[in-house]
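Note: the block below is input32.csv and it holds CSV, C-alpha atoms.
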```csv
chain,number,residue,atom,x,y,z
X,162,MET,CA,95.1,171.2,-160.8
X,163,THR,CA,98.0,168.8,-161.0
X,164,ALA,CA,101.1,169.8,-162.9
X,165,PRO,CA,100.7,168.6,-166.4
X,166,LEU,CA,103.2,166.0,-167.8
X,167,ARG,CA,104.7,166.7,-171.2
X,168,ARG,CA,106.5,164.3,-173.5
X,169,ARG,CA,108.6,166.8,-175.5
X,170,GLY,CA,111.0,169.5,-174.6
X,171,ARG,CA,108.9,172.6,-175.4
X,172,ARG,CA,107.9,174.9,-172.5
X,173,PRO,CA,104.4,173.8,-171.2
X,174,GLY,CA,101.8,176.5,-171.7
X,175,SER,CA,103.4,177.9,-174.8
X,176,THR,CA,101.1,179.2,-177.6
X,177,ASP,CA,102.6,176.5,-179.8
X,178,THR,CA,101.5,173.7,-177.5
X,179,LYS,CA,97.9,175.0,-177.4
X,180,ALA,CA,97.9,175.5,-181.2
X,181,GLU,CA,99.2,171.9,-181.6
X,182,ILE,CA,96.5,170.5,-179.4
X,183,LEU,CA,93.9,172.4,-181.4
X,184,THR,CA,95.3,171.2,-184.7
X,185,ALA,CA,95.3,167.6,-183.3
X,186,ALA,CA,91.7,168.1,-182.1
X,187,ARG,CA,90.5,169.3,-185.5
X,188,ASN,CA,92.0,166.2,-187.1
X,189,GLU,CA,90.6,163.8,-184.5
X,190,PHE,CA,87.1,165.3,-184.7
X,191,ALA,CA,87.3,165.2,-188.5
X,192,ALA,CA,88.4,161.6,-188.5
X,193,PHE,CA,86.2,160.2,-185.7
X,194,GLY,CA,83.3,162.7,-185.3
X,195,PHE,CA,82.4,164.4,-182.1
X,196,ASP,CA,81.3,161.2,-180.3
X,197,GLY,CA,84.2,159.1,-181.5
X,198,ALA,CA,87.0,161.6,-180.7
X,199,THR,CA,88.6,161.3,-177.3
X,200,ILE,CA,90.8,163.6,-175.2
X,201,ARG,CA,93.2,160.7,-175.0
X,202,GLY,CA,93.4,160.4,-178.8
X,203,ILE,CA,93.8,164.2,-179.2
X,204,ALA,CA,96.6,164.2,-176.6
X,205,ARG,CA,98.3,161.3,-178.4
X,206,ALA,CA,98.1,163.1,-181.7
X,207,ALA,CA,99.6,166.2,-180.2
X,208,ALA,CA,102.2,164.2,-178.3
X,209,VAL,CA,101.2,165.6,-174.9
X,210,ASP,CA,99.7,164.1,-171.8
X,211,PRO,CA,95.9,164.0,-171.6
X,212,ALA,CA,96.1,165.9,-168.3
X,213,LEU,CA,97.6,168.9,-170.2
X,214,VAL,CA,94.6,168.9,-172.7
X,215,HIS,CA,92.2,168.9,-169.7
X,216,HIS,CA,94.3,171.6,-168.0
X,217,TYR,CA,94.1,173.9,-171.0
X,218,PHE,CA,90.6,173.2,-172.3
X,219,GLY,CA,88.5,171.5,-169.6
X,220,ASN,CA,86.4,169.0,-171.4
X,221,LYS,CA,85.8,167.6,-174.9
X,222,GLN,CA,83.0,170.1,-175.6
X,223,LYS,CA,85.3,173.0,-174.9
X,224,ILE,CA,88.1,171.7,-177.0
X,225,PHE,CA,85.6,171.3,-179.8
X,226,VAL,CA,84.4,174.9,-179.5
X,227,ALA,CA,88.0,176.2,-179.4
X,228,ALA,CA,89.2,173.9,-182.3
X,229,LEU,CA,86.3,175.0,-184.6
X,230,GLU,CA,86.5,178.6,-183.4
X,231,LEU,CA,82.7,178.6,-182.7
X,232,PRO,CA,81.5,182.0,-181.5
X,233,LEU,CA,79.9,180.4,-178.4
X,234,ASP,CA,79.7,177.2,-176.5
X,235,PRO,CA,76.3,175.6,-177.4
X,236,SER,CA,76.7,173.1,-174.6
X,237,GLU,CA,76.5,176.1,-172.2
X,238,MET,CA,74.1,178.3,-174.1
X,239,VAL,CA,71.4,175.7,-175.0
X,240,PRO,CA,70.7,174.7,-171.4
X,241,LYS,CA,70.6,178.3,-170.3
X,242,LEU,CA,68.1,179.1,-173.1
X,243,MET,CA,66.0,176.1,-172.2
X,244,ALA,CA,66.1,176.6,-168.4
X,245,PRO,CA,62.9,178.8,-168.2
X,246,GLY,CA,61.0,176.0,-169.9
X,247,VAL,CA,59.6,175.4,-173.4
X,248,ALA,CA,57.2,178.4,-173.3
X,249,GLY,CA,58.7,181.2,-175.2
X,250,LEU,CA,61.8,179.1,-176.1
X,251,GLY,CA,61.4,179.9,-179.8
X,252,ASP,CA,61.6,183.6,-179.1
X,253,ARG,CA,64.6,183.3,-176.8
X,254,LEU,CA,66.4,181.1,-179.3
X,255,ILE,CA,66.1,183.4,-182.3
X,256,ARG,CA,66.9,186.5,-180.2
X,257,PHE,CA,70.0,184.9,-178.8
X,258,LEU,CA,71.2,183.7,-182.2
X,259,LEU,CA,70.8,187.1,-183.8
X,260,SER,CA,72.6,188.8,-180.9
X,261,VAL,CA,75.6,186.6,-181.7
X,262,LEU,CA,75.3,186.9,-185.4
X,263,ASP,CA,74.8,190.6,-185.4
X,264,THR,CA,78.4,191.1,-184.2
X,265,PRO,CA,81.1,191.1,-186.9
X,266,ASP,CA,83.1,188.4,-185.1
X,267,GLY,CA,80.0,186.2,-184.5
X,268,GLU,CA,78.8,186.6,-188.1
X,269,ALA,CA,82.3,185.7,-189.5
X,270,ARG,CA,82.6,182.6,-187.3
X,271,VAL,CA,79.1,181.3,-188.1
X,272,LEU,CA,79.5,181.9,-191.8
X,273,ALA,CA,82.9,180.1,-191.6
X,274,VAL,CA,81.1,177.1,-190.1
X,275,LEU,CA,78.4,177.2,-192.7
X,276,ARG,CA,80.9,177.4,-195.5
X,277,SER,CA,82.8,174.4,-194.2
X,278,ALA,CA,79.5,172.4,-193.7
X,279,VAL,CA,78.4,173.2,-197.3
X,280,THR,CA,81.7,172.3,-198.9
X,281,ASN,CA,82.8,169.3,-196.8
X,282,ALA,CA,80.5,166.4,-196.0
X,283,ASN,CA,82.7,165.2,-193.1
X,284,PHE,CA,82.5,168.6,-191.5
X,285,ALA,CA,78.7,168.6,-192.0
X,286,ALA,CA,78.5,165.2,-190.3
X,287,LEU,CA,80.7,166.5,-187.5
X,288,MET,CA,78.5,169.5,-186.8
X,289,ARG,CA,75.3,167.4,-187.0
X,290,GLY,CA,76.8,164.9,-184.4
X,291,TYR,CA,77.9,167.7,-182.1
X,292,LEU,CA,75.1,170.3,-182.4
X,293,LEU,CA,72.1,168.1,-182.9
X,294,GLU,CA,72.9,164.7,-181.4
X,295,SER,CA,75.2,165.8,-178.5
X,296,VAL,CA,73.6,169.1,-177.5
X,297,ILE,CA,70.2,170.0,-178.8
X,298,VAL,CA,68.4,166.6,-178.8
X,299,PRO,CA,69.6,165.6,-175.3
X,300,ASN,CA,68.5,169.0,-174.0
X,301,LEU,CA,65.1,168.8,-175.7
X,302,THR,CA,64.7,165.3,-174.2
X,303,LYS,CA,65.4,166.8,-170.7
X,304,LEU,CA,62.7,169.3,-171.4
X,305,GLY,CA,60.3,166.5,-171.9
X,306,VAL,CA,59.2,167.3,-175.5
X,307,SER,CA,58.1,164.4,-177.7
X,308,GLU,CA,60.1,163.4,-180.8
X,309,PRO,CA,63.1,165.6,-179.9
X,310,ALA,CA,65.2,164.6,-183.0
X,311,ARG,CA,62.4,165.7,-185.4
X,312,ARG,CA,61.9,169.0,-183.5
X,313,ALA,CA,65.7,169.6,-183.4
X,314,ALA,CA,66.0,169.1,-187.2
X,315,LEU,CA,63.1,171.4,-187.9
X,316,LEU,CA,64.4,174.1,-185.5
X,317,PHE,CA,67.7,173.8,-187.3
X,318,SER,CA,66.0,174.2,-190.7
X,319,GLN,CA,64.4,177.5,-189.8
X,320,VAL,CA,67.4,178.9,-187.9
X,321,GLY,CA,69.8,177.8,-190.6
X,322,GLY,CA,67.6,179.3,-193.2
X,323,VAL,CA,67.4,182.7,-191.4
X,324,ILE,CA,71.2,182.7,-191.4
X,325,LEU,CA,71.2,181.9,-195.1
X,326,ALA,CA,68.6,184.6,-196.0
X,327,ARG,CA,69.7,187.4,-193.7
X,328,TYR,CA,73.5,187.0,-193.8
X,329,VAL,CA,74.4,185.1,-197.0
X,330,LEU,CA,71.7,186.1,-199.5
X,331,GLN,CA,71.1,189.4,-197.6
X,332,ALA,CA,67.5,189.4,-198.7
X,333,GLU,CA,65.6,192.5,-197.7
X,334,PRO,CA,63.8,193.3,-195.5
X,335,LEU,CA,65.1,190.3,-193.5
X,336,ALA,CA,68.7,191.4,-193.8
X,337,SER,CA,68.3,194.8,-192.1
X,338,ALA,CA,65.3,194.0,-189.9
X,339,SER,CA,65.6,194.6,-186.2
X,340,VAL,CA,65.9,191.7,-183.8
X,341,ASP,CA,62.4,192.4,-182.6
X,342,ASN,CA,61.0,192.1,-186.1
X,343,VAL,CA,62.8,188.9,-187.0
X,344,ALA,CA,61.7,187.4,-183.7
X,345,ARG,CA,58.1,188.4,-184.4
X,346,TRP,CA,58.2,186.8,-187.9
X,347,VAL,CA,60.2,183.7,-187.1
X,348,ALA,CA,59.6,182.8,-183.4
X,349,PRO,CA,56.1,181.4,-184.0
X,350,THR,CA,57.6,178.9,-186.5
X,351,LEU,CA,60.3,177.8,-184.0
X,352,GLN,CA,57.7,177.5,-181.2
X,353,ARG,CA,55.4,175.4,-183.5
X,354,TYR,CA,58.4,173.1,-184.2
X,355,LEU,CA,59.1,172.9,-180.4
X,356,THR,CA,55.6,172.2,-179.1
X,357,ALA,CA,52.9,171.7,-181.8
X,358,ASP,CA,51.5,168.3,-182.7
X,359,LEU,CA,53.2,167.9,-186.1
X,360,ASP,CA,51.5,164.7,-187.2
H,71,MET,CA,63.8,182.2,-236.9
H,72,THR,CA,66.2,184.3,-238.9
H,73,ALA,CA,69.6,183.0,-239.8
H,74,PRO,CA,72.0,184.2,-237.1
H,75,LEU,CA,74.9,186.4,-238.1
H,76,ARG,CA,78.3,185.5,-236.8
H,77,ARG,CA,81.4,187.6,-236.7
H,78,ARG,CA,84.0,184.8,-236.5
H,79,GLY,CA,84.9,181.9,-238.7
H,80,ARG,CA,83.7,179.0,-236.5
H,81,ARG,CA,80.7,177.0,-237.7
H,82,PRO,CA,77.5,178.4,-236.1
H,83,GLY,CA,75.8,176.0,-233.8
H,84,SER,CA,79.0,174.3,-232.7
H,85,THR,CA,79.2,173.2,-229.1
H,86,ASP,CA,82.1,175.6,-228.8
H,87,THR,CA,80.0,178.6,-229.7
H,88,LYS,CA,77.3,177.7,-227.2
H,89,ALA,CA,79.9,177.1,-224.5
H,90,GLU,CA,81.5,180.4,-225.2
H,91,ILE,CA,78.2,182.2,-224.9
H,92,LEU,CA,77.6,180.5,-221.6
H,93,THR,CA,81.0,181.5,-220.3
H,94,ALA,CA,80.5,185.0,-221.4
H,95,ALA,CA,77.0,185.0,-219.8
H,96,ARG,CA,78.5,183.7,-216.4
H,97,ASN,CA,81.0,186.6,-216.5
H,98,GLU,CA,78.4,189.2,-217.5
H,99,PHE,CA,76.0,188.1,-214.8
H,100,ALA,CA,78.8,188.0,-212.2
H,101,ALA,CA,79.9,191.5,-213.2
H,102,PHE,CA,76.5,193.2,-213.7
H,103,GLY,CA,74.0,191.1,-211.8
H,104,PHE,CA,70.9,189.6,-213.3
H,105,ASP,CA,69.2,193.0,-214.0
H,106,GLY,CA,72.3,194.7,-215.2
H,107,ALA,CA,73.5,192.0,-217.7
H,108,THR,CA,72.1,192.3,-221.2
H,109,ILE,CA,72.0,189.9,-224.2
H,110,ARG,CA,73.8,192.5,-226.2
H,111,GLY,CA,76.7,192.6,-223.6
H,112,ILE,CA,76.8,188.8,-223.4
H,113,ALA,CA,77.0,188.6,-227.2
H,114,ARG,CA,79.7,191.2,-227.4
H,115,ALA,CA,81.8,189.3,-224.8
H,116,ALA,CA,81.4,186.1,-226.7
H,117,ALA,CA,82.1,187.9,-230.0
H,118,VAL,CA,78.8,186.8,-231.6
H,119,ASP,CA,75.7,188.5,-232.9
H,120,PRO,CA,73.0,189.1,-230.3
H,121,ALA,CA,70.6,187.3,-232.7
H,122,LEU,CA,72.6,184.1,-232.2
H,123,VAL,CA,72.3,184.3,-228.4
H,124,HIS,CA,68.5,184.7,-228.8
H,125,HIS,CA,68.5,181.8,-231.3
H,126,TYR,CA,70.2,179.4,-229.0
H,127,PHE,CA,68.8,180.4,-225.6
H,128,GLY,CA,65.6,182.5,-226.1
H,129,ASN,CA,65.6,185.2,-223.4
H,130,LYS,CA,67.9,186.4,-220.6
H,131,GLN,CA,66.1,184.2,-218.1
H,132,LYS,CA,66.9,181.1,-220.1
H,133,ILE,CA,70.5,182.1,-220.6
H,134,PHE,CA,70.8,182.5,-216.8
H,135,VAL,CA,69.3,179.1,-216.1
H,136,ALA,CA,71.7,177.5,-218.7
H,137,ALA,CA,74.8,179.4,-217.6
H,138,LEU,CA,74.3,178.6,-213.9
H,139,GLU,CA,73.2,175.1,-214.7
H,140,LEU,CA,70.1,175.5,-212.5
H,141,PRO,CA,68.0,172.3,-212.3
H,142,LEU,CA,64.9,174.1,-213.5
H,143,ASP,CA,63.7,177.5,-214.8
H,144,PRO,CA,62.2,179.4,-211.8
H,145,SER,CA,60.7,182.0,-214.2
H,146,GLU,CA,58.5,179.1,-215.6
H,147,MET,CA,58.0,177.1,-212.4
H,148,VAL,CA,57.1,179.9,-210.0
H,149,PRO,CA,54.1,181.2,-212.1
H,150,LYS,CA,52.9,177.6,-212.6
H,151,LEU,CA,53.0,176.9,-208.8
H,152,MET,CA,51.2,180.2,-208.1
H,153,ALA,CA,48.6,179.8,-210.9
H,154,PRO,CA,46.0,178.0,-208.7
H,155,GLY,CA,46.2,180.9,-206.2
H,156,VAL,CA,47.7,181.5,-202.8
H,157,ALA,CA,45.6,178.8,-201.0
H,158,GLY,CA,47.7,175.7,-200.7
H,159,LEU,CA,50.8,177.4,-202.2
H,160,GLY,CA,53.1,176.6,-199.3
H,161,ASP,CA,52.3,172.9,-199.8
H,162,ARG,CA,52.7,173.0,-203.6
H,163,LEU,CA,56.0,174.9,-203.2
H,164,ILE,CA,57.7,172.4,-200.8
H,165,ARG,CA,56.4,169.4,-202.7
H,166,PHE,CA,57.8,170.7,-206.0
H,167,LEU,CA,61.2,171.6,-204.5
H,168,LEU,CA,61.6,168.2,-202.9
H,169,SER,CA,60.6,166.5,-206.2
H,170,VAL,CA,63.6,168.4,-207.8
H,171,LEU,CA,66.0,167.9,-204.9
H,172,ASP,CA,65.2,164.2,-204.4
H,173,THR,CA,66.8,163.4,-207.8
H,174,PRO,CA,70.7,163.0,-207.8
H,175,ASP,CA,71.0,165.6,-210.6
H,176,GLY,CA,68.7,168.1,-208.9
H,177,GLU,CA,70.4,167.7,-205.6
H,178,ALA,CA,73.8,168.1,-207.1
H,179,ARG,CA,72.8,171.3,-208.9
H,180,VAL,CA,71.0,172.9,-206.0
H,181,LEU,CA,73.9,172.2,-203.7
H,182,ALA,CA,76.4,173.6,-206.2
H,183,VAL,CA,74.3,176.8,-206.2
H,184,LEU,CA,74.3,176.8,-202.4
H,185,ARG,CA,78.1,176.3,-202.2
H,186,SER,CA,78.7,179.1,-204.6
H,187,ALA,CA,76.3,181.5,-202.7
H,188,VAL,CA,77.9,180.7,-199.4
H,189,THR,CA,81.5,181.1,-200.6
H,190,ASN,CA,81.1,184.0,-203.0
H,191,ALA,CA,79.2,187.2,-202.0
H,192,ASN,CA,78.9,188.3,-205.7
H,193,PHE,CA,77.2,185.1,-206.5
H,194,ALA,CA,74.9,185.4,-203.5
H,195,ALA,CA,73.9,188.9,-204.7
H,196,LEU,CA,73.3,187.5,-208.2
H,197,MET,CA,71.0,184.8,-206.9
H,198,ARG,CA,69.2,187.2,-204.7
H,199,GLY,CA,68.6,189.6,-207.7
H,200,TYR,CA,67.4,186.8,-209.9
H,201,LEU,CA,65.4,184.5,-207.7
H,202,LEU,CA,63.9,187.0,-205.3
H,203,GLU,CA,63.8,190.3,-207.1
H,204,SER,CA,63.2,189.2,-210.6
H,205,VAL,CA,61.0,186.1,-210.1
H,206,ILE,CA,59.5,185.5,-206.7
H,207,VAL,CA,58.6,189.1,-205.6
H,208,PRO,CA,57.0,190.1,-208.9
H,209,ASN,CA,55.0,186.9,-209.0
H,210,LEU,CA,53.8,187.4,-205.4
H,211,THR,CA,52.9,190.9,-206.3
H,212,LYS,CA,50.7,189.6,-209.1
H,213,LEU,CA,49.1,187.3,-206.6
H,214,GLY,CA,48.1,190.4,-204.7
H,215,VAL,CA,49.7,189.5,-201.4
H,216,SER,CA,50.9,192.4,-199.1
H,217,GLU,CA,54.6,193.0,-198.4
H,218,PRO,CA,55.8,190.6,-201.1
H,219,ALA,CA,59.5,191.2,-200.4
H,220,ARG,CA,59.2,190.3,-196.8
H,221,ARG,CA,57.1,187.2,-197.6
H,222,ALA,CA,59.6,186.2,-200.3
H,223,ALA,CA,62.6,186.5,-197.9
H,224,LEU,CA,60.8,184.5,-195.2
H,225,LEU,CA,59.8,181.8,-197.7
H,226,PHE,CA,63.4,181.6,-198.8
H,227,SER,CA,64.5,181.3,-195.2
H,228,GLN,CA,62.4,178.2,-194.6
H,229,VAL,CA,63.0,176.6,-198.0
H,230,GLY,CA,66.8,177.3,-197.9
H,231,GLY,CA,66.9,175.9,-194.3
H,232,VAL,CA,65.2,172.7,-195.3
H,233,ILE,CA,67.8,172.2,-198.0
H,234,LEU,CA,70.5,172.8,-195.4
H,235,ALA,CA,69.0,170.5,-192.8
H,236,ARG,CA,67.9,167.7,-195.2
H,237,TYR,CA,70.7,167.6,-197.8
H,238,VAL,CA,73.7,169.3,-196.2
H,239,LEU,CA,73.5,168.4,-192.5
H,240,GLN,CA,71.4,165.3,-193.3
H,241,ALA,CA,69.6,165.7,-189.9
H,242,GLU,CA,67.3,162.8,-189.2
H,243,PRO,CA,64.4,162.3,-189.4
H,244,LEU,CA,64.2,165.2,-191.9
H,245,ALA,CA,66.9,163.7,-194.2
H,246,SER,CA,65.0,160.5,-195.0
H,247,ALA,CA,61.4,161.7,-194.4
H,248,SER,CA,58.9,161.2,-197.2
H,249,VAL,CA,57.8,164.2,-199.2
H,250,ASP,CA,54.3,163.9,-197.5
H,251,ASN,CA,55.9,164.1,-194.1
H,252,VAL,CA,58.2,167.1,-194.9
H,253,ALA,CA,55.2,168.9,-196.5
H,254,ARG,CA,53.1,168.2,-193.4
H,255,TRP,CA,55.8,169.6,-191.1
H,256,VAL,CA,56.9,172.6,-193.2
H,257,ALA,CA,54.0,173.7,-195.5
H,258,PRO,CA,52.1,175.4,-192.6
H,259,THR,CA,55.2,177.6,-192.0
H,260,LEU,CA,55.4,178.5,-195.7
H,261,GLN,CA,51.7,179.2,-195.8
H,262,ARG,CA,51.9,181.5,-192.7
H,263,TYR,CA,54.8,183.4,-194.4
H,264,LEU,CA,52.6,183.8,-197.5
H,265,THR,CA,49.3,184.8,-196.0
H,266,ALA,CA,49.4,185.5,-192.3
H,267,ASP,CA,49.4,189.0,-190.8
H,268,LEU,CA,53.0,189.1,-189.6
H,269,ASP,CA,52.9,192.4,-187.8
```
This structure in structure tokens:
Amino acid sequence: MTAPLRRRGRRPGSTDTKAEILTAARNEFAAFGFDGATIRGIARAAAVDPALVHHYFGNKQKIFVAALELPLDPSEMVPKLMAPGVAGLGDRLIRFLLSVLDTPDGEARVLAVLRSAVTNANFAALMRGYLLESVIVPNLTKLGVSEPARRAALLFSQVGGVILARYVLQAEPLASASVDNVARWVAPTLQRYLTADLD
Amino acid sequence: MTAPLRRRGRRPGSTDTKAEILTAARNEFAAFGFDGATIRGIARAAAVDPALVHHYFGNKQKIFVAALELPLDPSEMVPKLMAPGVAGLGDRLIRFLLSVLDTPDGEARVLAVLRSAVTNANFAALMRGYLLESVIVPNLTKLGVSEPARRAALLFSQVGGVILARYVLQAEPLASASVDNVARWVAPTLQRYLTADLD
């Protein structure tokens, strides 16, 4: 990696610089959405060289994950979950999500994202642009399923609803059911949304 | 109806008195939950006679609906939707909910409830106690379905998720799909949660 250029006097690599880049990134994503925001724009807002942003965070996906403190990188996890093919994908998806949400840190971060989405329409649009349009729909398209946008929206509706019912409303027996049980109840719904003829 | 007794000097029936009862009701429900709150307690907190609370609002269900500004009274609607029996109930349920949510006032009120639930654990517990434990589970029990609590939690997970995906995230094509289309996509899920052997 080339030595990053900096425009101000602070020591490169300081926690402050990273924090400033993340603050700039949150503002840029909020203002322009995931597709509209650029590493160049984030760097300009943080008054650093774009090479430094690349150096610290890699690509735009990874800045987004860091800036929004997501518990995982969907752009890495979604392709991994889809790699074995569409058969059994509903089951793999719900098991993976519960394994993240059933940790205190994962639950706290997902609920923070949900709170922001429900209270802030710009944030909701940002998450939609990122999660659905930039990650899930393109990956479903690669998988060769028909009507990927419709399937992605329906998948989200059941997964988002499980988060609401299990972690927010804490409705029993869903709230304290094992991962195996939730998967048995919910995976057939997800699989139908992935592969069934919905018309 | 008997003439209500009042303990203070204000004119009975004034908007102020009703507003005070509703404020007292919100506090009582927040402190004691739906089951724990009483008309007597609400009346005491509002410094009016319990008969006045009954006079204005009828029963505890109706005070709850008025205090939380719900767009409809679930204790009336749920039995109506269930009256024709469990066959077709998933379809009736989603069509009815969309008919409420597809009005500006209905959408605003449901999203206000969702925002409160996601940002306030006490409110979430209150809604769970009311909606699931006091309305949906007893009505499913009357319908004779097995494991009514599990079915109610799963129904909520799909219905709540449709609200998230269609009205909060506004994920297309779900956000602008017709009621007929959403029902065709989602009602089979609800029906499975109502009647299928989930084990």
Residue hits in chain H, query chain X, radius 9 Å, all atoms listed in the file, as a ChimeraX atom specification:
/H:181,184-185,187-189,191,193-198,202,219-220,222-224,226-236,238-245,251,254-256,258-259,262-263,268-269
Using Å and a single decimal, report how far CA of Ala206 in chain X sits from CA of Phe190 in chain X.
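Result for CA of Phe190 in chain X versus CA of Ala206 in chain X: 11.6 Å, one decimal.
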Near-range 220-233 of chain X list (8 Å; all atoms listed in the file; drop same-chain fewer than 2 positions) as a list in words:
Leu183, Thr184, Ala186, Arg187, Phe190, Phe195, Thr199, Ile200, His215, Phe218, Pro235, Ser236, Met238, Val261, Asp266, Gly267, Arg270, Val271 and Val274 of chain X
With C-alpha atoms retained, could you export that selection as a PDB file, in the frame of the given file?
```pdb
ATOM      1  CA  LEU X 183      93.900 172.400-181.400  1.00  0.00           C
ATOM      2  CA  THR X 184      95.300 171.200-184.700  1.00  0.00           C
ATOM      3  CA  ALA X 186      91.700 168.100-182.100  1.00  0.00           C
ATOM      4  CA  ARG X 187      90.500 169.300-185.500  1.00  0.00           C
ATOM      5  CA  PHE X 190      87.100 165.300-184.700  1.00  0.00           C
ATOM      6  CA  PHE X 195      82.400 164.400-182.100  1.00  0.00           C
ATOM      7  CA  THR X 199      88.600 161.300-177.300  1.00  0.00           C
ATOM      8  CA  ILE X 200      90.800 163.600-175.200  1.00  0.00           C
ATOM      9  CA  HIS X 215      92.200 168.900-169.700  1.00  0.00           C
ATOM     10  CA  PHE X 218      90.600 173.200-172.300  1.00  0.00           C
ATOM     11  CA  PRO X 235      76.300 175.600-177.400  1.00  0.00           C
ATOM     12  CA  SER X 236      76.700 173.100-174.600  1.00  0.00           C
ATOM     13  CA  MET X 238      74.100 178.300-174.100  1.00  0.00           C
ATOM     14  CA  VAL X 261      75.600 186.600-181.700  1.00  0.00           C
ATOM     15  CA  ASP X 266      83.100 188.400-185.100  1.00  0.00           C
ATOM     16  CA  GLY X 267      80.000 186.200-184.500  1.00  0.00           C
ATOM     17  CA  ARG X 270      82.600 182.600-187.300  1.00  0.00           C
ATOM     18  CA  VAL X 271      79.100 181.300-188.100  1.00  0.00           C
ATOM     19  CA  VAL X 274      81.100 177.100-190.100  1.00  0.00           C
TER      20      VAL X 274
END
```
Quote the spacing between CA of Val209 in chain X and CA of Glu189 in chain X in Å to one decimal place.
14.4 Å
Interatomic distance, CA of Leu151 in chain H to CA of Leu163 in chain H (Å, one decimal):
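Computing it gives 6.7 Å between the two atoms.
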Nearest-residue call for Leu122 in chain H, choices H:Asp105, H:Leu210, H:Ala100, H:Ile91, using all atoms listed in the file:
H:Ile91
